[in-house]
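Here's work-v1.cif, which has mmCIF, C-alpha atoms and all ligand atoms:
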data_entry
loop_
_atom_site.label_atom_id
_atom_site.label_comp_id
_atom_site.auth_asym_id
_atom_site.auth_seq_id
_atom_site.Cartn_x
_atom_site.Cartn_y
_atom_site.Cartn_z
CA MET A 129 125.82 99.97 100.55
CA SER A 130 126.49 96.49 99.12
CA ARG A 131 124.05 95.06 96.59
CA PRO A 132 121.66 92.59 98.26
CA THR A 133 121.10 89.12 96.83
CA VAL A 134 117.51 87.92 96.45
CA THR A 135 116.26 84.52 95.30
CA LEU A 136 113.90 84.70 92.31
CA ILE A 137 111.51 81.87 91.47
CA PRO A 138 109.57 82.92 88.35
CA GLY A 139 107.33 79.81 88.49
CA ASP A 140 105.22 78.68 85.53
CA GLY A 141 102.03 79.68 83.69
CA ILE A 142 101.76 83.49 84.00
CA GLY A 143 104.58 83.42 86.60
CA PRO A 144 107.47 84.35 84.28
CA GLU A 145 105.41 87.15 82.64
CA VAL A 146 104.39 88.86 85.87
CA THR A 147 107.82 88.27 87.44
CA ARG A 148 109.58 89.93 84.49
CA ALA A 149 107.27 92.94 84.81
CA VAL A 150 107.84 93.26 88.56
CA VAL A 151 111.63 92.95 88.33
CA ARG A 152 111.59 95.85 85.84
CA VAL A 153 109.47 98.02 88.15
CA LEU A 154 111.74 97.23 91.10
CA LYS A 155 114.76 98.28 89.06
CA ALA A 156 113.06 101.53 88.03
CA ALA A 157 112.49 102.24 91.74
CA GLY A 158 116.18 101.70 92.45
CA PHE A 159 115.99 98.14 93.80
CA ASP A 160 118.35 96.16 91.60
CA PRO A 161 119.69 93.25 93.64
CA GLU A 162 121.71 90.28 92.48
CA TRP A 163 118.91 87.86 91.53
CA GLU A 164 119.60 84.15 92.04
CA THR A 165 117.04 82.61 89.70
CA PHE A 166 115.66 79.08 90.10
CA SER A 167 113.08 76.92 88.38
CA ALA A 168 110.73 74.83 90.53
CA GLY A 169 107.89 72.39 89.94
CA ALA A 170 107.58 70.37 86.71
CA GLU A 171 110.20 72.60 85.05
CA ALA A 172 112.81 71.77 87.69
CA VAL A 173 112.34 68.01 87.32
CA ALA A 174 113.98 67.99 83.89
CA GLU A 175 116.94 70.02 85.14
CA HIS A 176 117.39 68.79 88.73
CA GLY A 177 115.37 65.55 88.99
CA THR A 178 113.21 67.10 91.73
CA THR A 179 110.42 69.70 91.95
CA LEU A 180 112.13 71.60 94.76
CA PRO A 181 115.91 71.61 94.19
CA PRO A 182 118.05 71.70 97.36
CA SER A 183 120.07 74.53 95.74
CA LEU A 184 116.87 76.64 95.71
CA LEU A 185 116.23 75.98 99.39
CA ASP A 186 119.89 76.77 100.21
CA SER A 187 119.60 80.02 98.27
CA VAL A 188 116.49 81.19 100.19
CA ALA A 189 118.00 80.13 103.52
CA ARG A 190 121.19 82.07 102.68
CA ASN A 191 119.57 85.20 101.21
CA LYS A 192 116.61 85.11 103.62
CA VAL A 193 114.39 86.74 101.00
CA ALA A 194 112.73 85.39 97.85
CA LEU A 195 110.28 86.71 95.29
CA LYS A 196 108.20 83.91 93.86
CA GLY A 197 105.77 83.44 90.98
CA PRO A 198 103.03 80.80 91.08
CA ILE A 199 103.75 77.11 90.48
CA THR A 200 101.29 74.52 89.13
CA THR A 201 100.10 71.75 91.45
CA PRO A 202 98.49 68.83 89.60
CA VAL A 203 94.98 68.06 90.90
CA GLY A 204 94.25 64.64 92.42
CA LYS A 205 97.49 63.02 91.19
CA GLY A 206 101.14 63.77 90.40
CA PHE A 207 103.67 65.58 92.59
CA THR A 208 102.73 67.24 95.87
CA SER A 209 102.50 71.03 96.05
CA VAL A 210 105.86 72.76 95.63
CA ASN A 211 104.37 75.78 97.37
CA VAL A 212 103.49 73.74 100.46
CA GLY A 213 106.89 71.95 100.24
CA LEU A 214 108.72 75.28 100.24
CA ARG A 215 106.77 76.55 103.25
CA LYS A 216 107.46 73.31 105.14
CA ALA A 217 111.14 73.05 104.22
CA LEU A 218 111.86 76.64 105.29
CA ASP A 219 109.36 76.59 108.19
CA LEU A 220 107.55 79.63 106.77
CA TYR A 221 104.88 79.38 109.42
CA ALA A 222 103.05 82.66 108.87
CA ASN A 223 101.15 83.60 105.76
CA LEU A 224 100.31 87.29 105.76
CA ARG A 225 97.74 88.58 103.28
CA PRO A 226 96.76 92.24 103.47
CA VAL A 227 93.52 92.95 101.59
CA TRP A 228 92.58 96.53 100.81
CA ASN A 229 90.85 98.57 98.11
CA LEU A 230 93.07 100.05 95.43
CA PRO A 231 92.02 103.19 93.54
CA SER A 232 89.94 102.61 90.41
CA VAL A 233 89.90 98.84 90.86
CA PRO A 234 86.27 97.81 90.40
CA SER A 235 85.07 95.98 93.49
CA ARG A 236 81.90 95.19 95.39
CA PHE A 237 83.00 97.06 98.52
CA SER A 238 84.90 100.16 99.52
CA GLY A 239 86.67 100.79 102.79
CA VAL A 240 88.06 97.27 103.03
CA ASP A 241 91.33 97.20 104.96
CA LEU A 242 91.89 93.83 106.58
CA VAL A 243 94.80 91.49 107.11
CA ILE A 244 94.67 87.71 107.00
CA VAL A 245 97.13 85.81 109.16
CA ARG A 246 97.06 82.16 108.14
CA GLU A 247 98.88 79.33 109.91
CA ASN A 248 101.02 77.83 107.18
CA THR A 249 102.43 74.50 108.36
CA GLU A 250 99.74 72.16 109.65
CA ASP A 251 95.96 71.48 109.66
CA LEU A 252 94.56 69.42 106.76
CA TYR A 253 97.22 71.10 104.61
CA ALA A 254 99.79 68.77 106.15
CA GLY A 255 98.49 66.46 103.38
CA LEU A 256 98.53 63.37 105.62
CA GLU A 257 96.04 61.05 103.94
CA HIS A 258 95.66 57.35 103.44
CA VAL A 259 93.18 54.85 102.05
CA VAL A 260 91.65 52.96 104.99
CA VAL A 261 89.89 50.48 102.71
CA PRO A 262 88.98 51.02 99.06
CA GLY A 263 86.34 53.75 98.96
CA VAL A 264 87.29 55.22 102.33
CA VAL A 265 90.01 57.85 102.77
CA GLU A 266 91.21 59.34 106.03
CA SER A 267 92.74 62.85 105.92
CA LEU A 268 94.41 63.97 109.12
CA LYS A 269 93.83 67.43 110.53
CA ILE A 270 96.81 68.31 112.68
CA ILE A 271 96.56 71.22 115.16
CA THR A 272 99.27 71.71 117.78
CA GLU A 273 99.55 74.08 120.71
CA LYS A 274 103.09 74.97 119.66
CA ALA A 275 102.22 76.02 116.08
CA THR A 276 99.06 77.81 117.21
CA THR A 277 100.91 79.77 119.91
CA ARG A 278 103.50 80.82 117.33
CA ILE A 279 100.98 82.00 114.73
CA ALA A 280 98.75 83.70 117.31
CA ALA A 281 101.76 85.58 118.71
CA PHE A 282 102.60 86.63 115.15
CA ALA A 283 99.05 87.94 114.59
CA PHE A 284 98.89 89.91 117.84
CA GLU A 285 102.43 91.26 117.40
CA TYR A 286 101.50 92.34 113.89
CA ALA A 287 98.34 94.01 115.20
CA ARG A 288 100.29 95.85 117.91
CA ARG A 289 103.08 97.00 115.56
CA HIS A 290 100.67 98.21 112.89
CA GLN A 291 98.23 99.90 115.28
CA ARG A 292 95.45 97.47 114.40
CA LYS A 293 92.53 97.44 116.80
CA LYS A 294 91.18 93.89 116.72
CA VAL A 295 92.08 90.27 115.98
CA THR A 296 89.28 87.85 115.06
CA ILE A 297 90.07 84.17 115.68
CA VAL A 298 88.29 82.07 113.05
CA HIS A 299 87.49 78.42 113.85
CA LYS A 300 84.91 75.63 113.85
CA ALA A 301 85.32 74.65 117.48
CA ASN A 302 81.59 73.93 117.85
CA ILE A 303 82.09 70.82 115.68
CA MET A 304 85.82 70.05 115.87
CA LYS A 305 85.86 70.53 119.60
CA LEU A 306 89.34 69.08 120.05
CA GLY A 307 91.31 70.35 117.04
CA ASP A 308 89.73 73.74 116.48
CA GLY A 309 89.04 73.90 120.22
CA LEU A 310 92.78 73.73 120.83
CA PHE A 311 93.36 76.44 118.19
CA LEU A 312 90.78 78.73 119.82
CA ASP A 313 91.88 78.17 123.44
CA THR A 314 95.55 78.58 122.59
CA ALA A 315 94.96 81.75 120.57
CA ARG A 316 92.86 83.21 123.41
CA LYS A 317 95.71 82.56 125.85
CA VAL A 318 98.06 84.49 123.57
CA ALA A 319 95.46 87.27 123.23
CA ALA A 320 95.54 87.77 127.00
CA ARG A 321 99.16 88.98 126.64
CA TYR A 322 97.98 91.81 124.35
CA PRO A 323 95.35 93.77 126.30
CA GLU A 324 95.71 96.73 123.92
CA VAL A 325 94.40 94.64 121.00
CA ALA A 326 90.74 93.59 121.12
CA CYS A 327 90.07 89.91 120.52
CA GLU A 328 86.90 88.21 119.29
CA ASP A 329 86.19 84.84 117.72
CA ARG A 330 83.86 83.73 114.98
CA ILE A 331 82.85 80.35 113.60
CA VAL A 332 84.21 80.11 110.06
CA ASP A 333 80.85 79.91 108.25
CA ALA A 334 79.49 82.92 110.15
CA ALA A 335 82.78 84.74 109.57
CA CYS A 336 82.33 84.22 105.79
CA MET A 337 78.83 85.69 105.92
CA HIS A 338 80.06 88.64 107.94
CA LEU A 339 82.89 89.17 105.45
CA VAL A 340 80.58 89.38 102.45
CA MET A 341 78.16 91.70 104.30
CA HIS A 342 80.42 93.99 106.34
CA PRO A 343 84.05 93.46 105.33
CA GLU A 344 84.93 96.99 106.45
CA ARG A 345 84.27 95.91 110.06
CA MET A 346 87.01 93.24 109.95
CA ASP A 347 90.56 94.04 110.96
CA VAL A 348 93.10 91.21 111.52
CA LEU A 349 91.84 87.65 110.96
CA LEU A 350 93.70 84.71 112.49
CA LEU A 351 92.95 81.34 110.86
CA PRO A 352 94.19 77.76 110.71
CA ASN A 353 95.67 76.75 107.37
CA LEU A 354 92.69 75.46 105.35
CA TYR A 355 90.18 78.13 106.40
CA GLY A 356 92.91 80.68 105.75
CA ASP A 357 93.38 79.39 102.23
CA ILE A 358 89.68 79.57 101.41
CA VAL A 359 88.89 82.84 103.18
CA SER A 360 91.89 84.52 101.47
CA ASP A 361 90.37 84.01 98.03
CA LEU A 362 86.98 85.14 99.31
CA CYS A 363 88.62 88.32 100.58
CA ALA A 364 90.46 88.83 97.27
CA GLY A 365 87.01 88.80 95.67
CA LEU A 366 85.89 91.63 97.96
CA VAL A 367 88.44 94.06 96.52
CA GLY A 368 88.67 93.18 92.83
CA GLY A 369 90.00 89.65 92.55
CA LEU A 370 93.16 87.63 92.58
CA GLY A 371 95.05 90.03 90.33
CA VAL A 372 95.38 92.62 93.11
CA VAL A 373 96.12 90.75 96.37
CA PRO A 374 99.66 90.15 97.72
CA SER A 375 101.06 87.74 100.27
CA ALA A 376 104.15 87.01 102.33
CA ASN A 377 105.25 83.68 103.80
CA LEU A 378 107.36 84.45 106.84
CA GLY A 379 109.54 82.33 109.12
CA GLU A 380 111.89 82.76 112.05
CA GLY A 381 114.99 84.95 111.71
CA GLY A 382 113.59 87.24 109.02
CA VAL A 383 113.15 84.61 106.28
CA GLY A 384 110.43 85.66 103.83
CA VAL A 385 109.06 84.35 100.53
CA PHE A 386 106.87 86.94 98.83
CA GLU A 387 104.29 85.80 96.29
CA ALA A 388 100.89 86.69 94.87
CA VAL A 389 97.81 84.89 96.19
CA HIS A 390 96.84 83.81 92.67
CA GLY A 391 97.96 80.71 90.80
CA THR A 392 99.44 80.07 87.36
CA ALA A 393 96.24 81.13 85.49
CA PRO A 394 96.69 78.60 82.66
CA ASP A 395 93.69 80.11 80.85
CA ILE A 396 95.60 83.34 80.12
CA ALA A 397 99.25 82.21 80.30
CA GLY A 398 101.59 83.30 77.50
CA ARG A 399 99.28 86.08 76.24
CA ASP A 400 100.88 89.07 78.01
CA ILE A 401 97.55 90.03 79.62
CA ALA A 402 98.08 88.85 83.23
CA ASN A 403 97.84 91.54 85.86
CA PRO A 404 101.22 91.89 87.63
CA THR A 405 99.73 94.04 90.44
CA ALA A 406 99.45 91.19 92.96
CA LEU A 407 103.09 90.21 92.57
CA LEU A 408 104.11 93.88 92.54
CA LEU A 409 102.29 94.44 95.85
CA SER A 410 104.03 91.32 97.19
CA ALA A 411 107.32 92.88 96.10
CA VAL A 412 106.31 96.04 98.00
CA LEU A 413 105.82 93.88 101.11
CA MET A 414 109.30 92.48 100.43
CA LEU A 415 110.80 95.99 100.24
CA GLN A 416 109.10 96.93 103.52
CA HIS A 417 110.49 93.71 105.06
CA LEU A 418 113.94 94.83 103.88
CA GLN A 419 113.31 98.30 105.33
CA GLU A 420 113.39 99.82 101.84
CA ASP A 421 110.34 101.91 102.70
CA GLU A 422 111.13 104.79 100.41
CA LYS A 423 111.36 102.53 97.32
CA ALA A 424 108.17 100.77 98.38
CA ALA A 425 106.40 104.14 98.65
CA ARG A 426 107.60 105.25 95.20
CA ILE A 427 106.18 102.09 93.66
CA MET A 428 102.87 102.48 95.49
CA THR A 429 102.47 106.08 94.32
CA ALA A 430 103.21 105.14 90.70
CA LEU A 431 100.93 102.09 90.85
CA ARG A 432 98.05 104.15 92.22
CA GLU A 433 98.52 106.77 89.49
CA VAL A 434 98.55 104.18 86.71
CA LEU A 435 95.46 102.43 88.12
CA GLU A 436 93.70 105.79 88.31
CA SER A 437 94.68 106.55 84.69
CA GLY A 438 92.64 103.51 83.60
CA HIS A 439 95.58 101.88 81.79
CA VAL A 440 94.82 98.46 83.31
CA THR A 441 94.82 94.81 82.27
CA PRO A 442 91.65 93.01 81.03
CA ASP A 443 90.81 91.47 84.45
CA LEU A 444 90.23 95.06 85.65
CA GLY A 445 88.27 95.99 82.53
CA GLY A 446 91.12 97.57 80.54
CA THR A 447 93.13 96.74 77.45
CA ALA A 448 96.67 97.15 78.79
CA THR A 449 99.13 94.31 78.41
CA THR A 450 101.31 93.08 81.26
CA THR A 451 104.25 94.77 79.54
CA SER A 452 102.58 98.12 78.83
CA PHE A 453 101.16 98.29 82.37
CA ALA A 454 104.66 97.75 83.80
CA ASP A 455 106.08 100.29 81.32
CA ALA A 456 103.56 102.89 82.53
CA ILE A 457 104.53 102.31 86.18
CA CYS A 458 108.25 102.54 85.36
CA ARG A 459 107.67 105.82 83.50
CA ARG A 460 105.76 107.31 86.46
CA ILE A 461 108.53 106.29 88.84
CA GLU A 462 111.20 107.77 86.59
CA GLN A 463 109.23 111.03 86.25
CA GLY A 464 109.31 111.20 90.08
P1 LIG R 1 94.40 80.85 89.47
O1 LIG R 1 94.63 81.84 90.53
O2 LIG R 1 95.59 80.46 88.66
O3 LIG R 1 93.27 81.40 88.45
C1 LIG R 1 91.94 81.67 88.85
C2 LIG R 1 91.32 82.71 87.89
O4 LIG R 1 91.90 83.98 88.17
C3 LIG R 1 91.62 82.42 86.42
O5 LIG R 1 90.51 82.79 85.64
C4 LIG R 1 92.78 83.32 86.11
O6 LIG R 1 92.86 83.72 84.75
C5 LIG R 1 92.53 84.51 87.02
N1 LIG R 1 93.79 85.13 87.44
C6 LIG R 1 94.66 84.66 88.36
N2 LIG R 1 95.71 85.46 88.46
C7 LIG R 1 95.52 86.46 87.59
C8 LIG R 1 96.29 87.61 87.24
N3 LIG R 1 97.47 87.90 87.81
N4 LIG R 1 95.79 88.44 86.29
C9 LIG R 1 94.62 88.19 85.72
N5 LIG R 1 93.83 87.12 86.01
C10 LIG R 1 94.29 86.27 86.94
O7 LIG R 1 93.75 79.58 90.17
P2 LIG R 1 93.55 78.09 89.63
O8 LIG R 1 93.11 78.11 88.21
O9 LIG R 1 92.72 77.45 90.66
O10 LIG R 1 94.98 77.42 89.73
C11 LIG R 1 95.86 77.23 88.61
C12 LIG R 1 97.13 76.55 89.11
O11 LIG R 1 97.84 77.43 89.98
C13 LIG R 1 96.91 75.24 89.88
O12 LIG R 1 97.88 74.31 89.47
C14 LIG R 1 97.13 75.64 91.33
O13 LIG R 1 97.58 74.58 92.11
C15 LIG R 1 98.22 76.70 91.16
N6 LIG R 1 98.27 77.64 92.29
C16 LIG R 1 99.51 78.02 92.71
C17 LIG R 1 99.64 78.93 93.72
C18 LIG R 1 101.02 79.31 94.15
O14 LIG R 1 101.98 79.00 93.47
N7 LIG R 1 101.16 79.99 95.28
C19 LIG R 1 98.48 79.53 94.39
C20 LIG R 1 97.21 79.11 93.83
C21 LIG R 1 97.13 78.19 92.82
#

Go ahead and render the structure in this file as structure tokens.
Amino acid sequence: MSRPTVTLIPGDGIGPEVTRAVVRVLKAAGFDPEWETFSAGAEAVAEHGTTLPPSLLDSVARNKVALKGPITTPVGKGFTSVNVGLRKALDLYANLRPVWNLPSVPSRFSGVDLVIVRENTEDLYAGLEHVVVPGVVESLKIITEKATTRIAAFAFEYARRHQRKKVTIVHKANIMKLGDGLFLDTARKVAARYPEVACEDRIVDAACMHLVMHPERMDVLLLPNLYGDIVSDLCAGLVGGLGVVPSANLGEGGVGVFEAVHGTAPDIAGRDIANPTALLLSAVLMLQHLQEDEKAARIMTALREVLESGHVTPDLGGTATTTSFADAICRRIEQG
């Protein structure tokens, strides 16, 4: 079989550290593609004069698959989010975030096994804002029937394919009767095409309360972009934090960019203590996307064993470094 080519965007902050660790684990599991490596964000400006080089976009469009580390977005000023730019440019409309308990990872809950499906292209995240008069800003919340139909179909298809029982539509249609109302009505219409999957809806604030009281009762959650962003981090907190939650940004025709939910963690960057588990789990999603299920399973077995051994990074209460944690996983894989 020919060697696949995969785009690699290490990112900044802890990105290069966790990416290096994950690439090593992938190689130990027998996945050793041709990596096309690109900088993005502030780093890319020096080299390419832009935060999101066209050559990077061409590479992802050509290879269809990318593994990506986090990229800094300046707060309140400076360049717009490269992460959002990438999703828009490649029309990666679905953000998939499985959230489940891993062995030996300290967490407030057990039995959590839910999947967040977040619309990735519109809502307030479209970033359409302007100053009406000094002291007054208008931010536009865009919801369309077309984008909602597409993401709802994705969520219900996912539920059907993965034998999930229920999709919960999350919204605030009691207040935003038009925008969130359109999201809810459109998603319900799609739900009607999937009688084998139960459908319920919850107002976002009540959904948050339910999530922190009974997360084990949630299954697939379907959310517009901004609620999806916020609820994803809440859900990461249910199972041990940002160091252990993966994500995939998926588009039409099998295009996928796989990245951790967490950011660049500037507070711990450069110290070799970041937890690479979230990016490793994202890489496992990538392998499953590429139908490399056996390699994905080998990594999962080794990861579980190393977590159970207690050799974990400081965010999980251990003293392992990023490097030694990855070494331990590679050894387990090689021992078979
Ligand atoms: P963050 O996720 O970078 O960090 C939040 C907290 O979690 C920090 O205490 C950090 O040390 C910890 N943490 C995160 N990942 C960890 C890991 N793998 N191992 C151990 N601890 C970890 O969120 P923050 O501080 O809000 O954002 C920092 C920067 O990252 C910002 O510029 C933000 O825009 C960017 N960001 C980028 C994302 C992406 O590229 N997809 C996603 C989220 C944020």

For range 252-259 of chain A, work out the shell of residues within 10 Å, counting all atoms listed in the file and skipping chain neighbours fewer than 2 positions away, then give it as a CSV table (one decimal) with C-alpha atoms, keeping the file's coordinate frame.
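The file below, out-v1.csv, is the result:
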chain,number,residue,atom,x,y,z
A,208,THR,CA,102.7,67.2,95.9
A,209,SER,CA,102.5,71.0,96.0
A,212,VAL,CA,103.5,73.7,100.5
A,213,GLY,CA,106.9,72.0,100.2
A,216,LYS,CA,107.5,73.3,105.1
A,247,GLU,CA,98.9,79.3,109.9
A,248,ASN,CA,101.0,77.8,107.2
A,249,THR,CA,102.4,74.5,108.4
A,250,GLU,CA,99.7,72.2,109.6
A,261,VAL,CA,89.9,50.5,102.7
A,262,PRO,CA,89.0,51.0,99.1
A,263,GLY,CA,86.3,53.8,99.0
A,264,VAL,CA,87.3,55.2,102.3
A,265,VAL,CA,90.0,57.8,102.8
A,266,GLU,CA,91.2,59.3,106.0
A,267,SER,CA,92.7,62.8,105.9
A,268,LEU,CA,94.4,64.0,109.1
A,269,LYS,CA,93.8,67.4,110.5
A,270,ILE,CA,96.8,68.3,112.7
A,271,ILE,CA,96.6,71.2,115.2
A,352,PRO,CA,94.2,77.8,110.7
A,353,ASN,CA,95.7,76.8,107.4
A,354,LEU,CA,92.7,75.5,105.4
A,355,TYR,CA,90.2,78.1,106.4
A,357,ASP,CA,93.4,79.4,102.2

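Between ligand LIG 1 (chain R) and the candidates A:Ala275, A:Val325, A:Ala168, A:Val203, the tightest atom-to-atom separation, counting only C-alpha atoms and all ligand atoms, involves A:Val203.
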
Please, which residues have at least one atom within 8 Å of an atom of ligand LIG 1 (chain R), using only C-alpha atoms and all ligand atoms, listed as a PDB file with C-alpha atoms, in the coordinates of the input?
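Below you can see result.pdb, which holds the result:
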ATOM      1  CA  GLY A 139     107.330  79.810  88.490  1.00  0.00           C
ATOM      2  CA  GLY A 141     102.030  79.680  83.690  1.00  0.00           C
ATOM      3  CA  ILE A 142     101.760  83.490  84.000  1.00  0.00           C
ATOM      4  CA  VAL A 146     104.390  88.860  85.870  1.00  0.00           C
ATOM      5  CA  LYS A 196     108.200  83.910  93.860  1.00  0.00           C
ATOM      6  CA  GLY A 197     105.770  83.440  90.980  1.00  0.00           C
ATOM      7  CA  PRO A 198     103.030  80.800  91.080  1.00  0.00           C
ATOM      8  CA  ILE A 199     103.750  77.110  90.480  1.00  0.00           C
ATOM      9  CA  THR A 200     101.290  74.520  89.130  1.00  0.00           C
ATOM     10  CA  THR A 201     100.100  71.750  91.450  1.00  0.00           C
ATOM     11  CA  PRO A 202      98.490  68.830  89.600  1.00  0.00           C
ATOM     12  CA  VAL A 203      94.980  68.060  90.900  1.00  0.00           C
ATOM     13  CA  SER A 209     102.500  71.030  96.050  1.00  0.00           C
ATOM     14  CA  VAL A 210     105.860  72.760  95.630  1.00  0.00           C
ATOM     15  CA  ASN A 211     104.370  75.780  97.370  1.00  0.00           C
ATOM     16  CA  GLY A 369      90.000  89.650  92.550  1.00  0.00           C
ATOM     17  CA  LEU A 370      93.160  87.630  92.580  1.00  0.00           C
ATOM     18  CA  GLY A 371      95.050  90.030  90.330  1.00  0.00           C
ATOM     19  CA  VAL A 372      95.380  92.620  93.110  1.00  0.00           C
ATOM     20  CA  GLU A 387     104.290  85.800  96.290  1.00  0.00           C
ATOM     21  CA  ALA A 388     100.890  86.690  94.870  1.00  0.00           C
ATOM     22  CA  VAL A 389      97.810  84.890  96.190  1.00  0.00           C
ATOM     23  CA  HIS A 390      96.840  83.810  92.670  1.00  0.00           C
ATOM     24  CA  GLY A 391      97.960  80.710  90.800  1.00  0.00           C
ATOM     25  CA  THR A 392      99.440  80.070  87.360  1.00  0.00           C
ATOM     26  CA  ALA A 393      96.240  81.130  85.490  1.00  0.00           C
ATOM     27  CA  PRO A 394      96.690  78.600  82.660  1.00  0.00           C
ATOM     28  CA  ASP A 395      93.690  80.110  80.850  1.00  0.00           C
ATOM     29  CA  ILE A 396      95.600  83.340  80.120  1.00  0.00           C
ATOM     30  CA  ALA A 397      99.250  82.210  80.300  1.00  0.00           C
ATOM     31  CA  ILE A 401      97.550  90.030  79.620  1.00  0.00           C
ATOM     32  CA  ALA A 402      98.080  88.850  83.230  1.00  0.00           C
ATOM     33  CA  ASN A 403      97.840  91.540  85.860  1.00  0.00           C
ATOM     34  CA  PRO A 404     101.220  91.890  87.630  1.00  0.00           C
ATOM     35  CA  THR A 405      99.730  94.040  90.440  1.00  0.00           C
ATOM     36  CA  ALA A 406      99.450  91.190  92.960  1.00  0.00           C
ATOM     37  CA  LEU A 407     103.090  90.210  92.570  1.00  0.00           C
ATOM     38  CA  THR A 441      94.820  94.810  82.270  1.00  0.00           C
ATOM     39  CA  PRO A 442      91.650  93.010  81.030  1.00  0.00           C
ATOM     40  CA  ASP A 443      90.810  91.470  84.450  1.00  0.00           C
TER      41      ASP A 443
END

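Straight-line separation from CA of Ala315 in chain A to CA of Ile244 in chain A: 14.8 Å.
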
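Atom pair CA of Ile461 in chain A / CA of Leu154 in chain A has a distance of 9.9 Å (rounded to one decimal).
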
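Distances from A:Ser452, A:Ser130, A:Thr135, A:Ser232 to Gly438 in chain A were compared using only C-alpha atoms, and the smallest one belongs to A:Ser232.
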
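Residue nearest Thr178 in chain A within the list A:Lys192, A:Phe207, A:Ile457, A:Arg321: A:Phe207 [criterion: smallest interatomic distance, only C-alpha atoms].
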
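Close contacts of Leu218 in chain A, defined as residues with an atom at most 9 Å away when counting all atoms listed in the file, with chain neighbours fewer than 2 positions off set aside, comprise Leu185, Val188, Ala189, Gly213, Leu214, Arg215, Lys216, Leu220, Tyr221, Gly379 and Val383 of chain A.
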
Selected residues, C-alpha atoms, written as a CSV table (one decimal), in the coordinates of the input, please.
chain,number,residue,atom,x,y,z
A,185,LEU,CA,116.2,76.0,99.4
A,188,VAL,CA,116.5,81.2,100.2
A,189,ALA,CA,118.0,80.1,103.5
A,213,GLY,CA,106.9,72.0,100.2
A,214,LEU,CA,108.7,75.3,100.2
A,215,ARG,CA,106.8,76.6,103.2
A,216,LYS,CA,107.5,73.3,105.1
A,220,LEU,CA,107.6,79.6,106.8
A,221,TYR,CA,104.9,79.4,109.4
A,379,GLY,CA,109.5,82.3,109.1
A,383,VAL,CA,113.2,84.6,106.3

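Comparing the minimum interatomic distances between Ile358 in chain A and each of A:Cys336, A:Ala157, A:Leu408, A:Leu306, counting all atoms listed in the file, we find that A:Cys336 sits nearest.
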
### Query
Could you state the separation of CA of Leu184 in chain A and CA of Ala170 in chain A in Å, given to one decimal place?
14.4 Å

Radius query 12 Å about (103.1, 82.0, 119.2), atoms used: all atoms listed in the file, as a short mmCIF file (atom, residue, chain, number, x, y, z; two decimals) with C-alpha atoms, in the coordinates of the input:
data_model
loop_
_atom_site.label_atom_id
_atom_site.label_comp_id
_atom_site.auth_asym_id
_atom_site.auth_seq_id
_atom_site.Cartn_x
_atom_site.Cartn_y
_atom_site.Cartn_z
CA TYR A 221 104.88 79.38 109.42
CA ALA A 222 103.05 82.66 108.87
CA GLU A 247 98.88 79.33 109.91
CA THR A 272 99.27 71.71 117.78
CA GLU A 273 99.55 74.08 120.71
CA LYS A 274 103.09 74.97 119.66
CA ALA A 275 102.22 76.02 116.08
CA THR A 276 99.06 77.81 117.21
CA THR A 277 100.91 79.77 119.91
CA ARG A 278 103.50 80.82 117.33
CA ILE A 279 100.98 82.00 114.73
CA ALA A 280 98.75 83.70 117.31
CA ALA A 281 101.76 85.58 118.71
CA PHE A 282 102.60 86.63 115.15
CA ALA A 283 99.05 87.94 114.59
CA PHE A 284 98.89 89.91 117.84
CA GLU A 285 102.43 91.26 117.40
CA TYR A 286 101.50 92.34 113.89
CA PHE A 311 93.36 76.44 118.19
CA THR A 314 95.55 78.58 122.59
CA ALA A 315 94.96 81.75 120.57
CA ARG A 316 92.86 83.21 123.41
CA LYS A 317 95.71 82.56 125.85
CA VAL A 318 98.06 84.49 123.57
CA ALA A 319 95.46 87.27 123.23
CA ARG A 321 99.16 88.98 126.64
CA LEU A 350 93.70 84.71 112.49
CA GLY A 379 109.54 82.33 109.12
CA GLU A 380 111.89 82.76 112.05
#

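Residue nearest Gly158 in chain A within the list A:Leu415, A:Thr450, A:Leu242, A:His176: A:Leu415 [criterion: smallest interatomic distance, all atoms listed in the file].
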
## Note on the structure
Nearest to Thr429 in chain A, restricted to all atoms listed in the file and choosing among A:Lys205, A:His342, A:Arg460, A:Arg399, comes out as A:Arg460
